[in-house]
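> Take a look at my_file_29.pdb, PDB, C-alpha atoms and all ligand atoms:
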```pdb
ATOM      1  CA  MET Z  23      87.754 105.042  97.879
ATOM      2  CA  THR Z  24      89.556 101.888  96.742
ATOM      3  CA  MET Z  25      93.028 102.733  95.509
ATOM      4  CA  LEU Z  26      94.485  99.295  94.883
ATOM      5  CA  LYS Z  27      92.502  96.158  94.137
ATOM      6  CA  ILE Z  28      94.274  92.839  93.799
ATOM      7  CA  GLU Z  29      91.945  90.054  92.742
ATOM      8  CA  ASN Z  30      92.738  86.336  92.833
ATOM      9  CA  ILE Z  31      96.328  86.543  91.611
ATOM     10  CA  ASP Z  32      98.636  83.559  91.126
ATOM     11  CA  VAL Z  33     102.375  84.238  90.777
ATOM     12  CA  PHE Z  34     105.077  81.717  89.855
ATOM     13  CA  TYR Z  35     108.864  81.540  89.747
ATOM     14  CA  GLY Z  36     109.238  78.994  86.946
ATOM     15  CA  ASN Z  37     107.287  76.010  88.202
ATOM     16  CA  ILE Z  38     107.238  77.188  91.808
ATOM     17  CA  GLN Z  39     103.999  78.876  92.823
ATOM     18  CA  ALA Z  40     104.687  81.706  95.278
ATOM     19  CA  LEU Z  41     101.204  83.324  95.470
ATOM     20  CA  ARG Z  42      97.895  81.478  95.355
ATOM     21  CA  ASP Z  43      94.603  83.201  94.685
ATOM     22  CA  VAL Z  44      95.608  86.338  96.599
ATOM     23  CA  SER Z  45      93.048  89.143  96.935
ATOM     24  CA  ILE Z  46      93.875  92.368  98.788
ATOM     25  CA  THR Z  47      92.487  95.883  98.691
ATOM     26  CA  VAL Z  48      94.028  99.133  99.875
ATOM     27  CA  ASN Z  49      91.876 102.223 100.283
ATOM     28  CA  GLU Z  50      93.101 105.747  99.703
ATOM     29  CA  GLY Z  51      94.736 107.175 102.838
ATOM     30  CA  GLU Z  52      95.224 103.867 104.624
ATOM     31  CA  ILE Z  53      98.228 102.102 106.074
ATOM     32  CA  VAL Z  54      97.738  98.411 105.338
ATOM     33  CA  SER Z  55     100.179  95.904 106.833
ATOM     34  CA  LEU Z  56     101.001  92.540 105.386
ATOM     35  CA  ILE Z  57     102.458  90.125 107.886
ATOM     36  CA  GLY Z  58     103.845  86.637 107.455
ATOM     37  CA  ALA Z  59     106.830  84.408 108.136
ATOM     38  CA  ASN Z  60     109.958  83.951 105.995
ATOM     39  CA  GLY Z  61     109.099  82.742 102.523
ATOM     40  CA  ALA Z  62     105.365  83.471 102.841
ATOM     41  CA  GLY Z  63     105.315  85.497  99.626
ATOM     42  CA  LYS Z  64     105.292  89.065 100.960
ATOM     43  CA  SER Z  65     108.129  90.381  98.789
ATOM     44  CA  THR Z  66     106.729  88.474  95.808
ATOM     45  CA  LEU Z  67     103.476  90.387  96.201
ATOM     46  CA  LEU Z  68     105.235  93.774  96.267
ATOM     47  CA  LYS Z  69     107.400  92.823  93.281
ATOM     48  CA  THR Z  70     104.265  91.867  91.378
ATOM     49  CA  LEU Z  71     102.607  95.185  92.224
ATOM     50  CA  SER Z  72     105.603  97.154  90.987
ATOM     51  CA  GLY Z  73     105.787  95.225  87.715
ATOM     52  CA  LEU Z  74     108.920  93.158  88.388
ATOM     53  CA  LEU Z  75     106.876  89.934  88.232
ATOM     54  CA  LYS Z  76     103.767  89.211  86.189
ATOM     55  CA  PRO Z  77     100.766  87.399  87.643
ATOM     56  CA  LYS Z  78      99.782  84.264  85.740
ATOM     57  CA  LYS Z  79      96.164  84.707  86.742
ATOM     58  CA  GLY Z  80      94.031  87.427  88.329
ATOM     59  CA  LYS Z  81      93.687  91.193  88.149
ATOM     60  CA  ILE Z  82      95.451  94.202  89.650
ATOM     61  CA  GLU Z  83      93.789  97.609  89.440
ATOM     62  CA  PHE Z  84      95.271 100.872  90.640
ATOM     63  CA  LEU Z  85      92.961 103.907  90.625
ATOM     64  CA  ASP Z  86      90.475 101.946  88.487
ATOM     65  CA  LYS Z  87      93.018 101.114  85.794
ATOM     66  CA  SER Z  88      94.547  97.706  85.177
ATOM     67  CA  ILE Z  89      98.272  97.579  85.941
ATOM     68  CA  SER Z  90      98.850  93.824  85.771
ATOM     69  CA  GLY Z  91     101.510  93.039  83.217
ATOM     70  CA  LYS Z  92     102.519  96.714  82.845
ATOM     71  CA  GLN Z  93     106.181  97.764  82.747
ATOM     72  CA  ALA Z  94     107.741  98.805  86.054
ATOM     73  CA  GLN Z  95     108.372 102.292  84.689
ATOM     74  CA  SER Z  96     104.743 102.965  83.805
ATOM     75  CA  ILE Z  97     103.673 101.719  87.232
ATOM     76  CA  VAL Z  98     106.000 104.265  88.865
ATOM     77  CA  LYS Z  99     104.481 106.901  86.570
ATOM     78  CA  ALA Z 100     100.990 105.851  87.647
ATOM     79  CA  GLY Z 101     101.986 106.623  91.254
ATOM     80  CA  ILE Z 102     103.385 103.509  92.942
ATOM     81  CA  SER Z 103     106.885 103.582  94.520
ATOM     82  CA  HIS Z 104     108.582 100.451  95.849
ATOM     83  CA  VAL Z 105     111.146 100.522  98.665
ATOM     84  CA  PRO Z 106     112.640  97.053  98.254
ATOM     85  CA  GLU Z 107     113.818  94.644 100.903
ATOM     86  CA  GLY Z 108     117.466  95.327 101.753
ATOM     87  CA  ARG Z 109     117.167  98.993 100.609
ATOM     88  CA  ARG Z 110     119.123  98.614  97.295
ATOM     89  CA  VAL Z 111     120.670 102.055  97.231
ATOM     90  CA  PHE Z 112     123.361 102.738  94.617
ATOM     91  CA  ALA Z 113     126.479 102.416  96.777
ATOM     92  CA  ASN Z 114     128.821 104.305  94.446
ATOM     93  CA  LEU Z 115     126.520 107.275  94.063
ATOM     94  CA  THR Z 116     126.119 110.021  96.623
ATOM     95  CA  VAL Z 117     123.043 110.503  98.750
ATOM     96  CA  GLU Z 118     121.982 113.410  96.551
ATOM     97  CA  GLU Z 119     122.474 111.433  93.332
ATOM     98  CA  ASN Z 120     120.399 108.569  94.717
ATOM     99  CA  LEU Z 121     117.596 110.995  95.541
ATOM    100  CA  GLU Z 122     117.766 112.536  92.057
ATOM    101  CA  LEU Z 123     117.375 109.064  90.554
ATOM    102  CA  GLY Z 124     114.120 108.674  92.444
ATOM    103  CA  ALA Z 125     112.743 111.554  90.380
ATOM    104  CA  PHE Z 126     114.047 110.338  87.019
ATOM    105  CA  LEU Z 127     110.597 110.136  85.419
ATOM    106  CA  ARG Z 128     109.597 113.639  86.500
ATOM    107  CA  LYS Z 129     110.043 116.781  84.438
ATOM    108  CA  ASP Z 130     108.908 119.431  86.944
ATOM    109  CA  LYS Z 131     112.292 120.791  88.042
ATOM    110  CA  GLN Z 132     110.723 123.109  90.612
ATOM    111  CA  GLY Z 133     108.677 120.309  92.177
ATOM    112  CA  ILE Z 134     111.710 118.009  92.242
ATOM    113  CA  HIS Z 135     113.720 120.671  94.059
ATOM    114  CA  GLN Z 136     110.923 121.193  96.592
ATOM    115  CA  ASP Z 137     110.588 117.468  97.228
ATOM    116  CA  MET Z 138     114.356 117.171  97.716
ATOM    117  CA  GLN Z 139     114.104 119.871 100.425
ATOM    118  CA  LYS Z 140     111.160 117.991 101.924
ATOM    119  CA  VAL Z 141     113.165 114.753 102.084
ATOM    120  CA  TYR Z 142     115.993 116.617 103.834
ATOM    121  CA  GLU Z 143     113.490 118.024 106.330
ATOM    122  CA  ILE Z 144     112.102 114.564 107.038
ATOM    123  CA  PHE Z 145     115.612 113.086 107.293
ATOM    124  CA  PRO Z 146     118.110 115.770 108.429
ATOM    125  CA  ARG Z 147     120.733 112.998 108.565
ATOM    126  CA  LEU Z 148     120.581 112.768 104.755
ATOM    127  CA  LEU Z 149     121.170 116.497 104.370
ATOM    128  CA  GLU Z 150     124.315 116.243 106.511
ATOM    129  CA  ARG Z 151     125.508 113.411 104.274
ATOM    130  CA  LYS Z 152     124.301 114.548 100.874
ATOM    131  CA  LYS Z 153     127.738 114.425  99.223
ATOM    132  CA  GLN Z 154     128.682 111.123 100.861
ATOM    133  CA  HIS Z 155     128.711 107.858  98.888
ATOM    134  CA  SER Z 156     125.681 105.941 100.019
ATOM    135  CA  GLY Z 157     127.640 102.698 100.400
ATOM    136  CA  THR Z 158     129.275 104.265 103.457
ATOM    137  CA  LEU Z 159     125.953 104.969 105.211
ATOM    138  CA  SER Z 160     124.725 102.931 108.172
ATOM    139  CA  GLY Z 161     121.847 100.498 107.651
ATOM    140  CA  GLY Z 162     119.375 102.938 109.147
ATOM    141  CA  GLU Z 163     120.633 105.792 106.997
ATOM    142  CA  GLN Z 164     120.354 103.594 103.904
ATOM    143  CA  GLN Z 165     116.745 102.855 104.848
ATOM    144  CA  MET Z 166     116.133 106.613 105.126
ATOM    145  CA  LEU Z 167     117.716 107.079 101.713
ATOM    146  CA  ALA Z 168     115.634 104.295 100.145
ATOM    147  CA  MET Z 169     112.495 105.910 101.548
ATOM    148  CA  GLY Z 170     113.641 109.355 100.454
ATOM    149  CA  ARG Z 171     114.238 108.059  96.945
ATOM    150  CA  ALA Z 172     110.700 106.665  96.883
ATOM    151  CA  ILE Z 173     109.298 110.020  98.056
ATOM    152  CA  MET Z 174     111.154 111.716  95.170
ATOM    153  CA  ALA Z 175     108.909 109.867  92.715
ATOM    154  CA  LYS Z 176     105.934 111.668  94.312
ATOM    155  CA  PRO Z 177     103.961 108.459  94.878
ATOM    156  CA  LYS Z 178     100.293 108.100  95.721
ATOM    157  CA  LEU Z 179     101.012 104.627  97.104
ATOM    158  CA  VAL Z 180     104.295 103.521  98.646
ATOM    159  CA  LEU Z 181     105.240  99.844  99.033
ATOM    160  CA  LEU Z 182     107.623  99.269 101.940
ATOM    161  CA  ASP Z 183     109.357  95.892 102.238
ATOM    162  CA  GLU Z 184     110.574  95.244 105.795
ATOM    163  CA  PRO Z 185     111.842  98.732 106.567
ATOM    164  CA  SER Z 186     112.756  97.729 110.131
ATOM    165  CA  MET Z 187     114.938  94.788 109.162
ATOM    166  CA  GLY Z 188     118.312  94.786 110.902
ATOM    167  CA  LEU Z 189     117.845  98.200 112.530
ATOM    168  CA  ALA Z 190     118.398  99.165 116.169
ATOM    169  CA  PRO Z 191     115.198  99.879 118.146
ATOM    170  CA  LEU Z 192     115.687 103.656 118.135
ATOM    171  CA  MET Z 193     116.116 103.708 114.372
ATOM    172  CA  VAL Z 194     113.046 101.482 113.964
ATOM    173  CA  LYS Z 195     111.085 104.055 115.957
ATOM    174  CA  THR Z 196     112.298 106.875 113.705
ATOM    175  CA  ILE Z 197     111.415 104.973 110.534
ATOM    176  CA  PHE Z 198     107.928 104.090 111.801
ATOM    177  CA  GLN Z 199     107.307 107.697 112.831
ATOM    178  CA  VAL Z 200     108.198 108.795 109.291
ATOM    179  CA  ILE Z 201     105.826 106.195 107.832
ATOM    180  CA  LYS Z 202     103.043 107.688 109.974
ATOM    181  CA  ASP Z 203     104.031 111.229 108.959
ATOM    182  CA  ILE Z 204     104.078 110.603 105.207
ATOM    183  CA  ASN Z 205     100.730 108.843 105.575
ATOM    184  CA  HIS Z 206      99.279 111.861 107.408
ATOM    185  CA  GLU Z 207     100.496 114.045 104.565
ATOM    186  CA  GLY Z 208      98.429 111.973 102.151
ATOM    187  CA  THR Z 209     100.499 109.026 100.933
ATOM    188  CA  THR Z 210      98.835 105.616 101.121
ATOM    189  CA  VAL Z 211     101.084 102.856 102.491
ATOM    190  CA  LEU Z 212     101.304  99.106 101.958
ATOM    191  CA  LEU Z 213     103.758  97.857 104.576
ATOM    192  CA  VAL Z 214     105.368  94.414 104.674
ATOM    193  CA  GLU Z 215     106.855  93.482 108.033
ATOM    194  CA  GLN Z 216     107.963  90.541 110.122
ATOM    195  CA  ASN Z 217     107.756  92.866 113.101
ATOM    196  CA  ALA Z 218     104.004  92.311 113.341
ATOM    197  CA  ASN Z 219     103.610  94.264 116.566
ATOM    198  CA  MET Z 220     105.038  97.457 115.125
ATOM    199  CA  ALA Z 221     103.338  96.965 111.764
ATOM    200  CA  LEU Z 222      99.878  96.531 113.279
ATOM    201  CA  SER Z 223     100.404  99.360 115.762
ATOM    202  CA  ILE Z 224     100.456 101.947 112.946
ATOM    203  CA  ALA Z 225      98.092 100.219 110.480
ATOM    204  CA  ASN Z 226      94.392 100.656 109.776
ATOM    205  CA  ARG Z 227      94.036  97.113 108.462
ATOM    206  CA  GLY Z 228      96.144  94.062 107.876
ATOM    207  CA  TYR Z 229      96.458  90.760 106.053
ATOM    208  CA  VAL Z 230      98.229  87.625 107.206
ATOM    209  CA  ILE Z 231      99.894  85.611 104.467
ATOM    210  CA  GLU Z 232     101.070  82.013 104.874
ATOM    211  CA  THR Z 233     102.736  79.953 102.134
ATOM    212  CA  GLY Z 234     101.413  82.169  99.385
ATOM    213  CA  ARG Z 235      97.826  82.519 100.604
ATOM    214  CA  VAL Z 236      95.946  85.156 102.546
ATOM    215  CA  VAL Z 237      94.757  83.278 105.632
ATOM    216  CA  LEU Z 238      93.402  86.133 107.718
ATOM    217  CA  SER Z 239      92.465  89.791 107.335
ATOM    218  CA  GLY Z 240      90.809  92.475 109.395
ATOM    219  CA  SER Z 241      91.283  95.761 111.172
ATOM    220  CA  ALA Z 242      94.669  96.147 112.841
ATOM    221  CA  GLN Z 243      92.949  95.856 116.203
ATOM    222  CA  GLU Z 244      91.139  92.656 115.243
ATOM    223  CA  LEU Z 245      94.417  91.110 114.146
ATOM    224  CA  GLN Z 246      96.235  92.258 117.292
ATOM    225  CA  ASN Z 247      93.521  90.586 119.382
ATOM    226  CA  SER Z 248      93.363  87.409 117.312
ATOM    227  CA  GLU Z 249      94.639  84.345 119.217
ATOM    228  CA  GLU Z 250      96.054  82.938 115.991
ATOM    229  CA  VAL Z 251      98.061  86.087 115.256
ATOM    230  CA  LYS Z 252      99.204  86.462 118.867
ATOM    231  CA  LEU Z 253     100.493  82.911 118.920
ATOM    232  CA  ALA Z 254     102.218  82.922 115.551
ATOM    233  CA  TYR Z 255     103.406  86.513 115.157
ATOM    234  CA  LEU Z 256     103.247  88.445 118.404
ATOM    235  CA  GLY Z 257     105.349  86.155 120.570
ATOM    236  CA  GLY Z 258     102.295  84.592 122.219
ATOM    237  CA  HIS Z 259     101.515  87.631 124.414
TER     238      HIS Z 259
HETATM  239  N1  LIG Z 301     113.817  84.340  92.403
HETATM  240  C1  LIG Z 301     113.187  83.297  92.940
HETATM  241  N2  LIG Z 301     113.214  82.088  92.337
HETATM  242  C2  LIG Z 301     112.550  81.024  92.852
HETATM  243  N3  LIG Z 301     111.832  81.060  93.979
HETATM  244  C3  LIG Z 301     111.775  82.237  94.627
HETATM  245  C4  LIG Z 301     112.448  83.410  94.150
HETATM  246  N4  LIG Z 301     112.211  84.411  95.004
HETATM  247  C5  LIG Z 301     111.425  83.901  95.979
HETATM  248  N5  LIG Z 301     111.165  82.601  95.748
HETATM  249  C6  LIG Z 301     110.348  81.711  96.588
HETATM  250  O1  LIG Z 301     109.021  82.254  96.668
HETATM  251  C7  LIG Z 301     108.513  82.131  97.995
HETATM  252  C8  LIG Z 301     108.120  83.498  98.529
HETATM  253  O2  LIG Z 301     109.285  84.282  98.679
HETATM  254  P1  LIG Z 301     109.241  85.809  99.158
HETATM  255  O3  LIG Z 301     110.588  86.370  98.977
HETATM  256  O4  LIG Z 301     108.109  86.478  98.498
HETATM  257  O5  LIG Z 301     108.902  85.620 100.706
HETATM  258  P2  LIG Z 301     108.833  86.704 101.871
HETATM  259  O6  LIG Z 301     107.504  86.538 102.529
HETATM  260  O7  LIG Z 301     109.174  88.034 101.355
HETATM  261  O8  LIG Z 301     109.955  86.170 102.867
HETATM  262  P3  LIG Z 301     111.006  86.996 103.806
HETATM  263  O9  LIG Z 301     110.247  87.387 105.021
HETATM  264  O10 LIG Z 301     112.058  85.988 104.105
HETATM  265  O11 LIG Z 301     111.510  88.163 103.017
HETATM  266  C9  LIG Z 301     109.595  81.429  98.803
HETATM  267  O12 LIG Z 301     109.285  80.063  98.864
HETATM  268  C10 LIG Z 301     110.851  81.670  98.002
HETATM  269  O13 LIG Z 301     111.775  80.624  98.182
HETATM  270 MG    MG Z 302     110.670  89.332 101.737
END
```
Would you write the structure of this file as structure tokens?

Amino acid sequence: MTMLKIENIDVFYGNIQALRDVSITVNEGEIVSLIGANGAGKSTLLKTLSGLLKPKKGKIEFLDKSISGKQAQSIVKAGISHVPEGRRVFANLTVEENLELGAFLRKDKQGIHQDMQKVYEIFPRLLERKKQHSGTLSGGEQQMLAMGRAIMAKPKLVLLDEPSMGLAPLMVKTIFQVIKDINHEGTTVLLVEQNANMALSIANRGYVIETGRVVLSGSAQELQNSEEVKLAYLGGH
């Protein structure tokens, strides 16, 4: 079943066009990876999906309902959580307070409590640090917290913007394992990465975006075997 359908969207910053005629679909249960170089428009796409930017043209449907032009808050309510590039945790709040903020649109106290326990099970490091100000966490721990905060919104679809950026290899492995785990538990994932190798290794399908356009798409395996992708994004191997 199609969960997210993006059709022919154009997105601008003032006069600068950042996305051109972009069409992407994500099916329920999938991990879809979006790969592309610096400035390709990957973050712009995620920001548009979460309502921070409005497309000038085109359609975005989530679970058969239009979400283009909707407020960020109602998009979260509909079931989309965005883990932004650079994590963006609230440095002066504790780990626990950051997690609570992730659930700010929910009213089911019991469910919120259960999901908090679930986040601590997924990331025991966060439990150990729950009273610590999040500004004092390491980069990897902040990534865990940003993902935990997204989980607290109980999303159907999670948008992850370069979760591996700046992390040591062991931490990257942990984060990717968690992405696989939350997907197995039923959350659909749209993953933006410059680390194309890792991103395609856990994905069902992928899209390659260059200067605001989708230039290639296919199964993760097709993309991993594509000469074009190997040359440009997989270090030529
Ligand atoms: N606030 C902004 N104002 C004007 N132009 C912007 C703004 N944000 C991004 N852009 C431009 O839009 C284009 C796409 O940027 P975007 O951040 O989406 O790229 P990206 O693929 O996420 O890159 P990176 O891998 O470096 O994060 C770039 O040319 C960028 O300079
Ligand atoms: Mg980006």
> For Val237 (chain Z), find every residue with an atom within 12 Å (counting all atoms listed in the file), except residues of its own chain fewer than 4 positions away, and show them as a PyMOL selection string.
chain Z and resi 42-46+56-58+62+228-233+245+250-251
> How would the residues just picked look written out with C-alpha atoms as a PDB file, in the coordinates of the input?

```
ATOM      1  CA  ARG Z  42      97.895  81.478  95.355  1.00  0.00           C
ATOM      2  CA  ASP Z  43      94.603  83.201  94.685  1.00  0.00           C
ATOM      3  CA  VAL Z  44      95.608  86.338  96.599  1.00  0.00           C
ATOM      4  CA  SER Z  45      93.048  89.143  96.935  1.00  0.00           C
ATOM      5  CA  ILE Z  46      93.875  92.368  98.788  1.00  0.00           C
ATOM      6  CA  LEU Z  56     101.001  92.540 105.386  1.00  0.00           C
ATOM      7  CA  ILE Z  57     102.458  90.125 107.886  1.00  0.00           C
ATOM      8  CA  GLY Z  58     103.845  86.637 107.455  1.00  0.00           C
ATOM      9  CA  ALA Z  62     105.365  83.471 102.841  1.00  0.00           C
ATOM     10  CA  GLY Z 228      96.144  94.062 107.876  1.00  0.00           C
ATOM     11  CA  TYR Z 229      96.458  90.760 106.053  1.00  0.00           C
ATOM     12  CA  VAL Z 230      98.229  87.625 107.206  1.00  0.00           C
ATOM     13  CA  ILE Z 231      99.894  85.611 104.467  1.00  0.00           C
ATOM     14  CA  GLU Z 232     101.070  82.013 104.874  1.00  0.00           C
ATOM     15  CA  THR Z 233     102.736  79.953 102.134  1.00  0.00           C
ATOM     16  CA  LEU Z 245      94.417  91.110 114.146  1.00  0.00           C
ATOM     17  CA  GLU Z 250      96.054  82.938 115.991  1.00  0.00           C
ATOM     18  CA  VAL Z 251      98.061  86.087 115.256  1.00  0.00           C
TER      19      VAL Z 251
END
```
> With all atoms listed in the file as the counted atoms, please give the residues lying no more than 9 Å from Val48 (chain Z), apart from itself and same-chain residues fewer than 3 positions off, as a list in words.
Met23, Thr24, Met25, Leu26, Lys27, Ile28, Gly51, Glu52, Ile53, Val54, Thr210, Val211, Leu212 and Arg227 of chain Z
> Output C-alpha atoms for every residue in that selection, as a compact mmCIF listing (two decimals), in the coordinates of the input.

```
# COMPACT_ATOMS: atom_id res chain seq x y z
CA MET Z 23 87.75 105.04 97.88
CA THR Z 24 89.56 101.89 96.74
CA MET Z 25 93.03 102.73 95.51
CA LEU Z 26 94.48 99.30 94.88
CA LYS Z 27 92.50 96.16 94.14
CA ILE Z 28 94.27 92.84 93.80
CA GLY Z 51 94.74 107.18 102.84
CA GLU Z 52 95.22 103.87 104.62
CA ILE Z 53 98.23 102.10 106.07
CA VAL Z 54 97.74 98.41 105.34
CA THR Z 210 98.84 105.62 101.12
CA VAL Z 211 101.08 102.86 102.49
CA LEU Z 212 101.30 99.11 101.96
CA ARG Z 227 94.04 97.11 108.46
```
> What gap, in Å, lies between atom C9 of ligand LIG 301 (chain Z) and CA of Glu184 (chain Z)?
15.5 Å
> List as a list in words the protein and nucleic acid residues lying within 9 Å of ligand MG 302 (chain Z), with all atoms listed in the file counted.
Ala59, Asn60, Gly61, Ala62, Gly63, Lys64, Ser65, Thr66, Leu68, Pro106, Glu107, Asp183, Glu184, Val214, Glu215 and Gln216 of chain Z
> If I take CA of Glu122 (chain Z) and CA of Gln93 (chain Z), how far is one from the other in Å, to one decimal?
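Between CA of Glu122 (chain Z) and CA of Gln93 (chain Z) the gap is 21.0 Å.
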> Tell me which of Z:Ile144, Z:Leu127, Z:Ala113, Z:Leu256 sits closest to Thr196 (chain Z), counting only C-alpha atoms.
Z:Ile144
> Would you mind reading off the distance between atom C6 of ligand LIG 301 (chain Z) and CA of Leu85 (chain Z), one decimal, in Å?
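Going from atom C6 of ligand LIG 301 (chain Z) over to CA of Leu85 (chain Z), I get 28.8 Å.
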> Can you work out which one of Z:Arg151, Z:Lys202, Z:Lys99, Z:Lys92 has the shortest atom-to-atom distance to Lys178 (chain Z), counting all atoms listed in the file?
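For Lys178 (chain Z), the nearest of the given residues is Z:Lys99.
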> Of the residues Z:Ala218, Z:Ala172, Z:Leu123, Z:Leu238, which is the one nearest to ligand LIG 301 (chain Z), using all atoms listed in the file?
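Of all the options, Z:Ala218 lies closest to ligand LIG 301 (chain Z).
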> List the residues sitting within 12 Å of (125.3, 103.7, 108.0) in the file's frame, using only C-alpha atoms, as a list in words.
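Those within range, by chain then number, are Arg109, Val111, Ala113, Val117, Arg147, Leu148, Arg151, Gln154, His155, Ser156, Gly157, Thr158, Leu159, Ser160, Gly161, Gly162, Glu163, Gln164, Gln165, Met166, Leu167, Gly188, Leu189, Ala190 and Met193 of chain Z.
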> For ligand LIG 301 (chain Z), which of Z:Glu50, Z:Gly108, Z:Phe145, Z:Phe126 is the closest residue, counting all atoms listed in the file?
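Looking at the shortest contact to ligand LIG 301 (chain Z), the residue is Z:Gly108.
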> Kindly resolve the PyMOL selection byres (((chain Z and resi 138) around 9) and not hetatm) on the present coordinates and return the residues as a list in words.
Glu118, Leu121, Glu122, Gly133, Ile134, His135, Gln136, Asp137, Gln139, Lys140, Val141, Tyr142, Glu143, Gly170, Ile173 and Met174 of chain Z
> Work out where the centre of an axis-aligned box around every listed atom of ligand LIG 301 (chain Z) lies and how long its edges are once 4 Å is added on each side; give both in Å to one decimal as lines of an AutoDock Vina configuration file.

```
center_x = 110.7
center_y = 84.1
center_z = 98.7
size_x = 14.3
size_y = 16.1
size_z = 20.7
```
> Give the answer as one residue: which of Z:Ile38, Z:Met169, Z:Ile201, Z:Leu67 has the shortest atom-to-atom distance to Val236 (chain Z), using all atoms listed in the file?
Z:Leu67
> What's the 8 Å shell around Ala175 (chain Z), counting only C-alpha atoms, without same-chain residues fewer than 3 positions away, as a PyMOL selection string?
chain Z and resi 98+101+103+124-128+171-172
> Pick out the closest residue to ligand LIG 301 (chain Z) from this set: Z:Leu222, Z:Ala40, Z:Leu192, Z:Val33. Count all atoms listed in the file.
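For ligand LIG 301 (chain Z), the nearest of the given residues is Z:Ala40.
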> Starting from the shown file, work through the PyMOL selection byres (((chain Z and resi 73) around 8) and not hetatm) and note down what comes out as an MDAnalysis selection string.
chainID Z and resid 69:72 74:76 90:94 97
> For Phe34 (chain Z), please output as a list in words all residues within 8 Å (counting all atoms listed in the file; exclusion window: fewer than 5 positions along the same chain).
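Answer for this query is Gln39, Ala40, Leu41, Pro77 and Lys78 of chain Z.
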